[in-house]
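Source file: target-v4.cif. Holds: mmCIF, C-alpha atoms.
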```cif
data_final
loop_
_atom_site.label_atom_id
_atom_site.label_comp_id
_atom_site.auth_asym_id
_atom_site.auth_seq_id
_atom_site.Cartn_x
_atom_site.Cartn_y
_atom_site.Cartn_z
CA MET A 1 4.60 -26.47 5.81
CA THR A 2 8.16 -26.18 4.57
CA ALA A 3 11.01 -25.51 6.91
CA LEU A 4 12.36 -21.99 6.74
CA SER A 5 16.00 -21.19 6.22
CA GLU A 6 17.98 -19.45 8.91
CA ASP A 7 17.94 -16.30 6.81
CA GLN A 8 14.16 -16.30 6.69
CA ILE A 9 13.92 -16.78 10.44
CA LEU A 10 16.29 -13.86 10.99
CA VAL A 11 14.34 -11.72 8.54
CA ALA A 12 11.07 -12.54 10.30
CA ALA A 13 12.61 -11.70 13.67
CA ALA A 14 13.98 -8.42 12.31
CA LEU A 15 10.55 -7.53 10.95
CA ALA A 16 9.09 -8.28 14.34
CA GLY A 17 11.39 -5.63 15.80
CA ASP A 18 14.49 -7.60 16.75
CA ASN A 19 17.28 -5.37 15.45
CA ASP A 20 19.96 -7.80 16.55
CA SER A 21 18.60 -10.35 14.10
CA PHE A 22 19.19 -7.97 11.24
CA ASN A 23 22.72 -7.37 12.46
CA GLN A 24 23.26 -11.11 12.41
CA LEU A 25 22.33 -11.00 8.75
CA VAL A 26 24.78 -8.14 8.30
CA GLU A 27 27.57 -10.14 9.88
CA ARG A 28 26.72 -13.13 7.78
CA TYR A 29 26.86 -11.28 4.46
CA GLN A 30 29.13 -8.31 5.06
CA ASN A 31 32.22 -9.97 3.57
CA ARG A 32 30.36 -10.99 0.46
CA ALA A 33 28.74 -7.58 0.03
CA TYR A 34 31.99 -5.78 0.68
CA GLY A 35 33.82 -8.11 -1.70
CA LEU A 36 31.43 -7.32 -4.52
CA CYS A 37 31.76 -3.58 -3.85
CA TYR A 38 35.52 -3.82 -3.65
CA ARG A 39 35.85 -5.72 -6.92
CA MET A 40 33.45 -3.38 -8.67
CA LEU A 41 34.75 -0.08 -7.33
CA GLY A 42 38.41 -0.86 -6.78
CA ASP A 43 38.58 1.24 -3.63
CA ALA A 44 38.51 -0.15 -0.11
CA ASP A 45 37.03 2.89 1.65
CA ALA A 46 34.40 3.52 -0.98
CA ALA A 47 33.53 -0.17 -0.95
CA ALA A 48 32.95 -0.12 2.81
CA ASP A 49 30.79 2.98 2.55
CA VAL A 50 28.71 1.60 -0.30
CA ALA A 51 28.29 -1.75 1.42
CA GLN A 52 27.15 0.01 4.60
CA ASP A 53 24.66 2.11 2.63
CA ALA A 54 23.41 -1.03 0.92
CA PHE A 55 22.71 -2.66 4.28
CA ILE A 56 20.85 0.45 5.43
CA SER A 57 18.82 0.36 2.25
CA ALA A 58 18.16 -3.33 2.75
CA TYR A 59 16.90 -2.64 6.26
CA ARG A 60 14.65 0.15 5.01
CA HIS A 61 13.09 -2.06 2.36
CA LEU A 62 13.03 -5.26 4.42
CA PRO A 63 9.21 -5.29 4.65
CA SER A 64 9.07 -5.55 0.85
CA LEU A 65 11.39 -8.58 0.69
CA ARG A 66 9.88 -11.52 -1.19
CA GLY A 67 11.92 -14.66 -1.69
CA GLU A 68 15.49 -15.33 -0.68
CA PHE A 69 17.47 -12.77 1.26
CA ARG A 70 20.93 -13.29 -0.28
CA PRO A 71 20.20 -12.56 -3.97
CA TRP A 72 17.92 -9.72 -2.91
CA LEU A 73 20.69 -8.19 -0.81
CA MET A 74 23.29 -8.67 -3.53
CA ARG A 75 21.00 -6.95 -5.97
CA ILE A 76 20.82 -3.94 -3.67
CA VAL A 77 24.60 -4.00 -3.32
CA ALA A 78 25.16 -4.27 -7.07
CA ASN A 79 22.73 -1.44 -7.74
CA ALA A 80 24.42 0.71 -5.12
CA CYS A 81 27.81 0.13 -6.75
CA ARG A 82 26.35 0.93 -10.16
CA ASP A 83 24.83 4.14 -8.84
CA VAL A 84 28.14 5.21 -7.34
CA LEU A 85 30.05 4.51 -10.54
CA ARG A 86 27.51 6.34 -12.63
CA SER A 87 27.41 9.33 -10.35
CA ASN A 88 31.18 9.53 -10.24
CA LYS A 89 31.36 9.19 -14.02
CA ARG A 90 34.53 7.28 -13.69
CA HIS A 91 35.88 3.80 -13.87
CA PRO A 92 38.77 3.66 -11.48
CA SER A 93 41.97 2.13 -12.74
CA VAL A 94 43.87 2.44 -9.51
CA SER A 95 45.65 -0.49 -7.99
CA LEU A 96 43.71 -2.73 -5.67
CA ASP A 97 46.46 -3.69 -3.31
CA THR A 98 45.91 -0.86 -0.85
CA ASN A 99 43.48 -2.74 1.34
CA PRO A 100 45.34 -3.29 4.61
CA ARG A 101 43.09 -6.19 5.59
CA ASP A 102 44.09 -7.94 2.40
CA GLU A 103 47.70 -8.02 3.45
CA ASP A 104 46.99 -8.95 7.02
CA GLU A 105 44.32 -11.56 6.86
CA SER A 106 43.58 -12.55 3.30
CA PRO A 107 43.18 -16.25 2.67
CA ALA A 108 45.76 -15.94 -0.09
CA LEU A 109 48.38 -15.16 2.49
CA GLN A 110 47.12 -17.84 4.80
CA ILE A 111 47.41 -20.33 1.99
CA ALA A 112 50.82 -19.00 1.09
CA ASP A 113 52.06 -19.51 4.61
CA THR A 114 51.53 -23.21 4.27
CA LYS A 115 53.41 -23.39 0.98
CA PRO A 116 57.13 -23.72 0.81
CA ASN A 117 57.61 -21.57 -2.29
CA PRO A 118 57.47 -17.80 -1.72
CA GLU A 119 58.04 -17.13 -5.40
CA GLU A 120 54.85 -18.94 -6.24
CA HIS A 121 53.00 -16.92 -3.65
CA LEU A 122 54.24 -13.67 -5.15
CA MET A 123 53.32 -14.86 -8.61
CA ARG A 124 49.83 -15.73 -7.52
CA ALA A 125 49.34 -12.42 -5.70
CA GLU A 126 50.52 -10.53 -8.76
CA LEU A 127 48.12 -12.44 -10.99
CA HIS A 128 45.21 -11.76 -8.63
CA ARG A 129 46.07 -8.10 -8.69
CA SER A 130 46.20 -8.18 -12.49
CA ILE A 131 42.76 -9.77 -12.61
CA SER A 132 41.38 -7.12 -10.27
CA VAL A 133 42.78 -4.37 -12.47
CA ALA A 134 41.53 -6.10 -15.62
CA LEU A 135 38.04 -6.37 -14.11
CA LEU A 136 37.89 -2.60 -13.83
CA GLN A 137 38.53 -2.32 -17.57
CA ILE A 138 35.49 -4.24 -18.71
CA PRO A 139 31.96 -2.84 -18.95
CA LEU A 140 29.97 -2.65 -15.75
CA ASP A 141 27.30 -5.21 -16.65
CA GLN A 142 29.90 -7.76 -17.69
CA ARG A 143 32.00 -7.02 -14.64
CA THR A 144 29.07 -7.61 -12.30
CA VAL A 145 28.27 -10.94 -13.87
CA VAL A 146 31.81 -12.27 -13.95
CA ILE A 147 32.45 -11.25 -10.33
CA LEU A 148 29.25 -12.91 -9.17
CA SER A 149 29.90 -16.04 -11.17
CA ASP A 150 33.62 -16.71 -11.07
CA ILE A 151 34.64 -15.01 -7.84
CA GLU A 152 31.52 -15.22 -5.66
CA GLY A 153 30.53 -18.59 -7.08
CA MET A 154 26.87 -17.79 -7.60
CA SER A 155 24.68 -19.83 -9.93
CA TYR A 156 23.19 -18.48 -13.14
CA ASP A 157 19.76 -18.37 -11.51
CA GLU A 158 21.00 -16.31 -8.59
CA ILE A 159 22.90 -13.97 -10.91
CA ALA A 160 19.73 -13.49 -12.94
CA VAL A 161 17.90 -12.41 -9.78
CA VAL A 162 20.73 -10.10 -8.74
CA THR A 163 21.11 -8.41 -12.09
CA GLY A 164 17.45 -8.47 -13.07
CA ALA A 165 18.35 -10.05 -16.41
CA ASN A 166 17.28 -13.37 -17.83
CA ILE A 167 19.61 -16.36 -17.83
CA GLY A 168 20.42 -16.04 -21.53
CA THR A 169 21.59 -12.47 -20.99
CA VAL A 170 23.62 -13.56 -17.99
CA LYS A 171 25.42 -16.22 -20.02
CA SER A 172 26.00 -13.83 -22.87
CA ARG A 173 27.48 -11.18 -20.58
CA LEU A 174 29.61 -13.77 -18.86
CA ASN A 175 31.00 -15.03 -22.15
CA ARG A 176 31.80 -11.54 -23.36
CA ALA A 177 33.43 -10.68 -20.04
CA ARG A 178 35.68 -13.72 -20.15
CA VAL A 179 36.65 -13.06 -23.76
CA ARG A 180 37.50 -9.48 -22.86
CA LEU A 181 39.51 -10.55 -19.81
CA ARG A 182 41.37 -13.07 -21.90
CA GLU A 183 42.23 -10.38 -24.43
CA ILE A 184 43.56 -8.16 -21.63
CA PHE A 185 45.66 -11.03 -20.29
CA VAL A 186 47.03 -11.81 -23.73
CA ALA A 187 47.88 -8.16 -24.33
CA ALA A 188 49.64 -7.98 -20.96
CA GLU A 189 51.45 -11.26 -21.69
CA LEU A 190 50.29 -12.76 -18.45
CA PHE A 191 49.45 -16.23 -19.64
CA PRO A 192 53.07 -17.47 -19.56
CA THR A 193 53.10 -16.60 -15.85
CA VAL A 194 49.78 -18.33 -15.33
CA ARG A 195 51.04 -21.43 -17.13
CA ARG A 196 54.19 -21.49 -15.05
CA LEU A 197 52.17 -21.17 -11.85
CA TYR A 198 49.94 -24.07 -12.70
CA ALA A 199 52.87 -26.10 -14.02
CA ASP A 200 54.61 -25.60 -10.67
CA GLU A 201 51.46 -26.60 -8.84
CA GLU A 202 51.10 -29.77 -10.88
CA SER A 203 54.73 -30.68 -10.43
CA MET B 1 43.17 -16.07 -31.10
CA SER B 2 41.47 -13.90 -33.64
CA THR B 3 40.61 -16.87 -35.83
CA ILE B 4 38.43 -18.49 -33.18
CA SER B 5 34.81 -17.82 -34.01
CA HIS B 6 32.28 -16.43 -31.59
CA THR B 7 30.38 -19.72 -31.64
CA ASP B 8 33.50 -21.70 -30.82
CA MET B 9 34.31 -19.37 -27.94
CA ASN B 10 30.83 -19.89 -26.53
CA LEU B 11 31.25 -23.64 -26.85
CA LEU B 12 34.64 -23.49 -25.11
CA GLN B 13 33.21 -21.50 -22.22
CA ALA B 14 30.25 -23.82 -21.89
CA MET B 15 32.69 -26.72 -21.74
CA ALA B 16 34.77 -24.92 -19.12
CA ASP B 17 31.56 -24.47 -17.07
CA ASN B 18 30.68 -28.16 -17.54
CA GLU B 19 27.48 -27.10 -19.26
CA LEU B 20 28.15 -28.72 -22.62
CA PRO B 21 26.49 -32.07 -23.33
CA ALA B 22 28.90 -34.99 -23.41
CA ASP B 23 28.64 -35.61 -27.15
CA GLN B 24 29.33 -31.97 -28.05
CA SER B 25 32.12 -31.84 -25.53
CA ALA B 26 33.75 -34.90 -27.08
CA ALA B 27 33.39 -33.44 -30.56
CA LEU B 28 35.01 -30.21 -29.45
CA ARG B 29 37.87 -32.04 -27.78
CA ALA B 30 38.43 -33.98 -30.98
CA ARG B 31 38.96 -30.68 -32.76
CA PHE B 32 41.75 -29.76 -30.32
CA VAL B 33 44.09 -32.09 -32.19
CA THR B 34 43.62 -30.42 -35.53
CA GLU B 35 43.06 -26.89 -34.19
CA PRO B 36 45.62 -26.17 -31.46
CA MET B 37 44.31 -22.60 -31.09
CA LEU B 38 41.11 -24.02 -29.70
CA ALA B 39 43.06 -26.07 -27.19
CA ASP B 40 45.11 -23.02 -26.16
CA ALA B 41 42.01 -20.87 -25.78
CA PHE B 42 40.31 -23.53 -23.69
CA SER B 43 43.26 -23.92 -21.37
CA GLU B 44 43.58 -20.14 -21.00
CA LEU B 45 39.90 -19.77 -20.19
CA ALA B 46 40.08 -22.59 -17.68
CA MET B 47 43.20 -21.13 -16.03
CA MET B 48 41.66 -17.68 -15.82
CA ARG B 49 38.53 -19.10 -14.27
CA ALA B 50 40.58 -21.07 -11.78
CA LEU B 51 42.56 -17.96 -10.88
CA MET B 52 39.39 -15.99 -10.25
CA GLN B 53 37.90 -18.75 -8.12
CA ASP B 54 41.13 -18.75 -6.20
CA MET B 55 41.08 -15.03 -5.47
CA PRO B 56 41.27 -14.15 -1.79
CA ALA B 57 38.10 -13.07 -0.04
CA VAL B 58 38.36 -9.47 1.05
CA ARG B 59 37.02 -8.22 4.35
CA PRO B 60 35.89 -4.76 5.36
CA ALA B 61 38.18 -2.86 7.69
CA ARG B 62 35.26 -2.18 10.00
CA SER B 63 32.10 -3.97 10.98
CA LEU B 64 29.11 -2.99 8.90
CA ARG B 65 26.58 -3.61 11.69
CA LEU B 66 23.89 -0.97 12.00
CA ASP B 67 23.41 0.82 15.29
CA GLN B 68 19.98 1.48 16.83
CA GLN B 69 19.91 5.11 15.80
CA THR B 70 20.67 4.31 12.17
CA MET B 71 17.92 1.71 12.17
CA GLN B 72 15.40 4.16 13.61
CA HIS B 73 16.25 6.68 10.91
CA ALA B 74 16.23 4.07 8.18
CA ARG B 75 12.69 2.94 8.75
CA GLY B 76 10.48 3.92 5.85
CA TRP B 77 6.71 3.97 5.38
CA ARG B 78 6.56 0.22 4.99
CA TRP B 79 7.96 -0.11 8.48
CA TRP B 80 5.31 2.29 9.75
CA LEU B 81 2.63 0.02 8.36
CA ILE B 82 3.84 -3.05 10.22
CA ARG B 83 5.37 -1.33 13.24
CA PRO B 84 3.66 2.02 13.76
CA PRO B 85 4.75 4.25 16.62
CA GLY B 86 2.83 3.36 19.77
CA GLY B 87 1.62 0.31 17.96
CA GLN B 88 1.15 -1.77 21.10
CA PHE B 89 -2.09 0.13 21.76
CA LEU B 90 -3.44 -0.18 18.25
CA PRO B 91 -5.22 -3.53 18.61
CA ALA B 92 -7.13 -2.22 21.61
CA PHE B 93 -7.78 1.03 19.83
CA GLY B 94 -8.96 -0.91 16.79
CA VAL B 95 -11.62 -2.69 18.85
CA VAL B 96 -12.77 0.59 20.37
CA ALA B 97 -12.83 2.21 16.95
CA CYS B 98 -14.94 -0.60 15.52
CA LEU B 99 -17.39 -0.23 18.40
CA CYS B 100 -17.55 3.51 17.77
CA VAL B 101 -18.30 2.96 14.11
CA ALA B 102 -21.01 0.42 14.93
CA LEU B 103 -22.63 2.77 17.47
CA LEU B 104 -22.34 5.67 15.07
CA PHE B 105 -24.19 3.95 12.25
CA GLY B 106 -26.63 2.30 14.63
CA SER B 107 -27.67 5.64 16.09
CA GLY B 108 -28.69 7.08 12.72
CA TYR B 109 -25.64 9.19 12.10
CA GLY B 110 -24.90 7.29 8.93
CA PRO B 111 -23.91 8.81 5.64
CA VAL B 112 -26.09 11.83 4.78
CA ASP B 113 -28.58 11.15 1.97
CA ALA B 114 -28.60 13.27 -1.16
CA PRO B 115 -31.24 16.05 -1.13
CA ASP B 116 -33.36 14.45 -3.85
CA GLN B 117 -33.43 11.20 -1.90
CA VAL B 118 -34.51 13.10 1.19
CA LEU B 119 -37.34 14.76 -0.67
CA LEU B 120 -38.41 11.46 -2.15
CA LYS B 121 -38.36 9.85 1.24
CA GLY B 122 -40.38 12.72 2.68
CA SER B 123 -43.07 12.72 -0.03
CA VAL B 124 -43.55 8.99 0.25
CA ALA B 125 -43.72 9.09 4.01
CA ALA B 126 -46.10 12.05 4.19
CA PRO B 127 -49.44 10.30 3.42
CA MET B 128 -48.59 7.49 5.76
CA MET B 129 -47.85 9.91 8.54
CA ALA B 130 -51.05 11.78 7.77
CA ASP B 131 -53.03 8.58 8.24
CA ALA B 132 -51.86 6.47 11.08
CA PRO B 133 -50.00 8.52 13.65
CA LEU B 134 -52.27 11.51 13.62
CA GLU B 135 -55.40 9.42 13.95
CA SER B 136 -54.00 7.42 16.77
CA GLU B 137 -52.95 10.64 18.43
CA ASN B 138 -56.48 11.85 18.20
CA VAL B 139 -57.87 8.57 19.38
CA GLU B 140 -55.76 8.88 22.49
CA SER B 141 -56.70 12.47 23.01
CA ALA B 142 -60.35 11.87 22.34
CA PRO B 143 -61.36 10.71 25.79
CA VAL B 144 -59.86 13.82 27.33
CA GLU B 145 -61.68 16.13 24.97
CA SER B 146 -64.88 14.20 25.18
CA ALA B 147 -64.79 14.54 28.89
CA ASN B 148 -64.88 18.30 28.63
CA VAL B 149 -66.97 18.93 25.52
CA GLU B 150 -69.29 16.09 24.63
CA SER B 151 -70.57 17.60 21.41
CA ALA B 152 -67.18 18.21 19.87
CA PRO B 153 -66.58 16.22 16.62
CA VAL B 154 -63.71 13.93 17.26
CA ALA B 155 -62.60 13.41 13.66
CA SER B 156 -62.81 16.99 12.40
CA ALA B 157 -59.98 18.55 14.39
CA PRO B 158 -57.18 16.21 13.34
CA VAL B 159 -58.02 16.50 9.63
CA GLU B 160 -57.61 20.24 9.79
CA SER B 161 -54.39 20.11 11.72
CA ALA B 162 -52.66 17.68 9.34
CA PRO B 163 -52.14 19.27 5.91
CA VAL B 164 -50.60 16.60 3.64
CA ALA B 165 -48.87 19.02 1.28
CA ASP B 166 -46.78 20.60 4.06
CA ALA B 167 -45.58 17.32 5.49
CA SER B 168 -42.33 17.19 3.47
CA VAL B 169 -41.02 20.51 4.76
CA PRO B 170 -40.57 19.59 8.41
CA LEU B 171 -39.23 16.17 7.35
CA ILE B 172 -36.28 17.73 5.48
CA ALA B 173 -35.58 19.90 8.43
CA GLN B 174 -35.49 16.83 10.67
CA GLN B 175 -32.60 15.19 8.72
CA PRO B 176 -29.32 15.38 10.66
CA GLU B 177 -26.87 18.08 9.73
CA PRO B 178 -23.74 16.95 7.78
CA SER B 179 -21.38 15.89 10.51
CA MET B 180 -17.68 15.09 10.93
CA LEU B 181 -18.60 12.01 12.91
CA PRO B 182 -18.77 9.60 9.94
CA LEU B 183 -15.41 10.85 8.73
CA LEU B 184 -13.95 10.40 12.17
CA GLY B 185 -15.48 6.96 12.35
CA VAL B 186 -13.97 5.90 9.03
CA THR B 187 -10.57 7.27 10.05
CA ALA B 188 -10.75 5.43 13.32
CA GLY B 189 -11.72 2.30 11.44
CA LEU B 190 -8.71 2.64 9.15
CA ILE B 191 -6.34 3.05 12.06
CA GLY B 192 -7.98 0.11 13.72
CA SER B 193 -7.47 -1.96 10.57
CA ILE B 194 -3.76 -1.13 10.55
CA GLY B 195 -3.58 -2.21 14.15
CA PHE B 196 -5.32 -5.44 13.32
CA ALA B 197 -3.00 -6.04 10.34
CA ARG B 198 0.00 -5.46 12.53
CA TRP B 199 -1.30 -7.86 15.12
CA PHE B 200 -1.92 -10.43 12.41
CA MET B 201 1.60 -10.09 10.99
CA ARG B 202 3.05 -10.40 14.44
CA LEU B 203 1.10 -13.59 14.96
CA ARG B 204 2.36 -14.90 11.63
CA ASN B 205 5.95 -14.14 12.58
CA ILE B 206 5.51 -15.96 15.86
CA ARG B 207 4.23 -18.97 13.93
CA ARG B 208 7.22 -18.77 11.58
CA LYS B 209 9.56 -18.73 14.53
CA ALA B 210 7.81 -21.74 15.97
CA VAL B 211 8.38 -23.62 12.73
#
```
Encoded form (structure tokens):
Amino acid sequence: MTALSEDQILVAAALAGDNDSFNQLVERYQNRAYGLCYRMLGDADAAADVAQDAFISAYRHLPSLRGEFRPWLMRIVANACRDVLRSNKRHPSVSLDTNPRDEDESPALQIADTKPNPEEHLMRAELHRSISVALLQIPLDQRTVVILSDIEGMSYDEIAVVTGANIGTVKSRLNRARVRLREIFVAAELFPTVRRLYADEES
Amino acid sequence: MSTISHTDMNLLQAMADNELPADQSAALRARFVTEPMLADAFSELAMMRALMQDMPAVRPARSLRLDQQTMQHARGWRWWLIRPPGGQFLPAFGVVACLCVALLFGSGYGPVDAPDQVLLKGSVAAPMMADAPLESENVESAPVESANVESAPVASAPVESAPVADASVPLIAQQPEPSMLPLLGVTAGLIGSIGFARWFMRLRNIRRKAV
């Protein structure tokens, strides 16, 4: 008998009626789920609402869970974001720097506090904001894949489960997304800034 | 940038992801010397990837925990199957329901036969009933009659009183009326099965926890 992961134990306990176990799963994955929503939607309030709805949906369908909890949950979250974007018939191009928690507690700021150069911190924050805006300009399927891969750090296998596509399609979407992002960066003349940032870091 | 082919871009990205075999990676790097655009594209892709990996994790402004009321409302039909309302009584009810079904079928209230099967059963049974039971009845009654009237023929009376052709008619009438009891029994059995399934899943979860 193989040992079960902590997620599986919590899922089993939740299915047995222990609601607190499911809330432990929520706490464990809420940042990740919210992050995906936030990157995909570009709106902090909408992201929180969609992430909350995704957790409710996950709870409703918990008895049908087969396999790992995390990719299953992220699939629900990604589908919820896709549904919202499709129903709104819009792809927001608003700025992403309105999230108050970002300014207060984001790791970027925590990292910046330890660095002596405030200019570098500002440069990095501006580049991150540019990436977030650029992400909203690429097609939804490509955006989902590049967020899951390059920002959330998921493997190709996990992304395939989340998106419901095969690995070849995942790689293809990822390549096209990166090419498109690079084109946006070139058009916005951002690469000189990026080079300077990394040159400063190396020096 | 525009002169870089689609294939080369795929190779560059695979190299940035460390997914390119060593020999192909070395060959591509060798081309960087003669094709500086490739080198630029690779460094830009790598920097962009590094920037994205470096992006700050965002956190929701509020906790996304679900309260008890939301959970109650969120439960769908799958939840009802594994945790039905009042489910703590279902295992006991399942046992009682199974007993009811067993008693029901054991007492002859089984599924009602089709009319043609009833007729067939009746016509086959009629000669047998005309032979054995009626004779034995007369054998038992014979001493009583013989006590009163000695000259009375013992065998003649029962033959007249047992017409073979009419035997099927009272037999059809004796079949039980179509009843709701089998339906109730099956329903009870189904509910009992759900209770048993729930008990089984609970047991499995307990085992999982133990592991």
Which residues match the PyMOL selection byres ((chain B and resi 53-66) around 7) in the file above, as a list in words?
-> Asn23, Val26, Glu27, Gln30, Asn31, Tyr34, Gly35, Ala48, Gln52, Arg101, Asp102, Ser106, Pro107, Ala108, His128, Asp150 and Ile151 of chain A; Arg49, Ala50, Leu51, Met52, Asp67, Gln68, Thr70 and Met71 of chain B
May I ask which of the residues B:Gln72, B:Thr187, B:Ser193, B:Trp199 is the closest one to Ile56 (chain A), counting only C-alpha atoms?
->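 Of B:Gln72, B:Thr187, B:Ser193, B:Trp199, the one nearest Ile56 (chain A), counting only C-alpha atoms, is B:Gln72.
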Shell around Ala187 (chain A) at 12 Å using all atoms listed in the file, local window under 6 positions removed, as an MDAnalysis selection string | (chainID A and resid 130 134 180:181) or (chainID B and resid 1)
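Distances here use all atoms listed in the file; by that measure, the residue among B:Gln13, B:Thr7, B:Asn18, B:Thr34 closest to chain A is B:Gln13.
Taking only C-alpha atoms into account, His61 (chain A) lies nearest to B:Ala74 out of the set B:Met9, B:Ala41, B:Ala74, B:Val33.
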Atom pair CA of Val11 (chain A) / CA of Arg198 (chain B): separation (Å) |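 Spanning CA of Val11 (chain A) to CA of Arg198 (chain B) is a straight-line distance of 16.1 Å.
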Residues picked by the PyMOL selection byres ((chain A and resi 156-171) around 10) here, as a PyMOL selection string?
-> (chain A and resi 68+70-79+141-142+144-149+153-155+172-177) or (chain B and resi 10+13-14)
If you measure from CA of Asp53 (chain A) to CA of Ala80 (chain A), what distance in Å do you get, rounded to one decimal?
-> 7.9 Å
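The two atoms in question, CA of Leu122 (chain A) and CA of Tyr38 (chain A), are spaced 21.2 Å apart.
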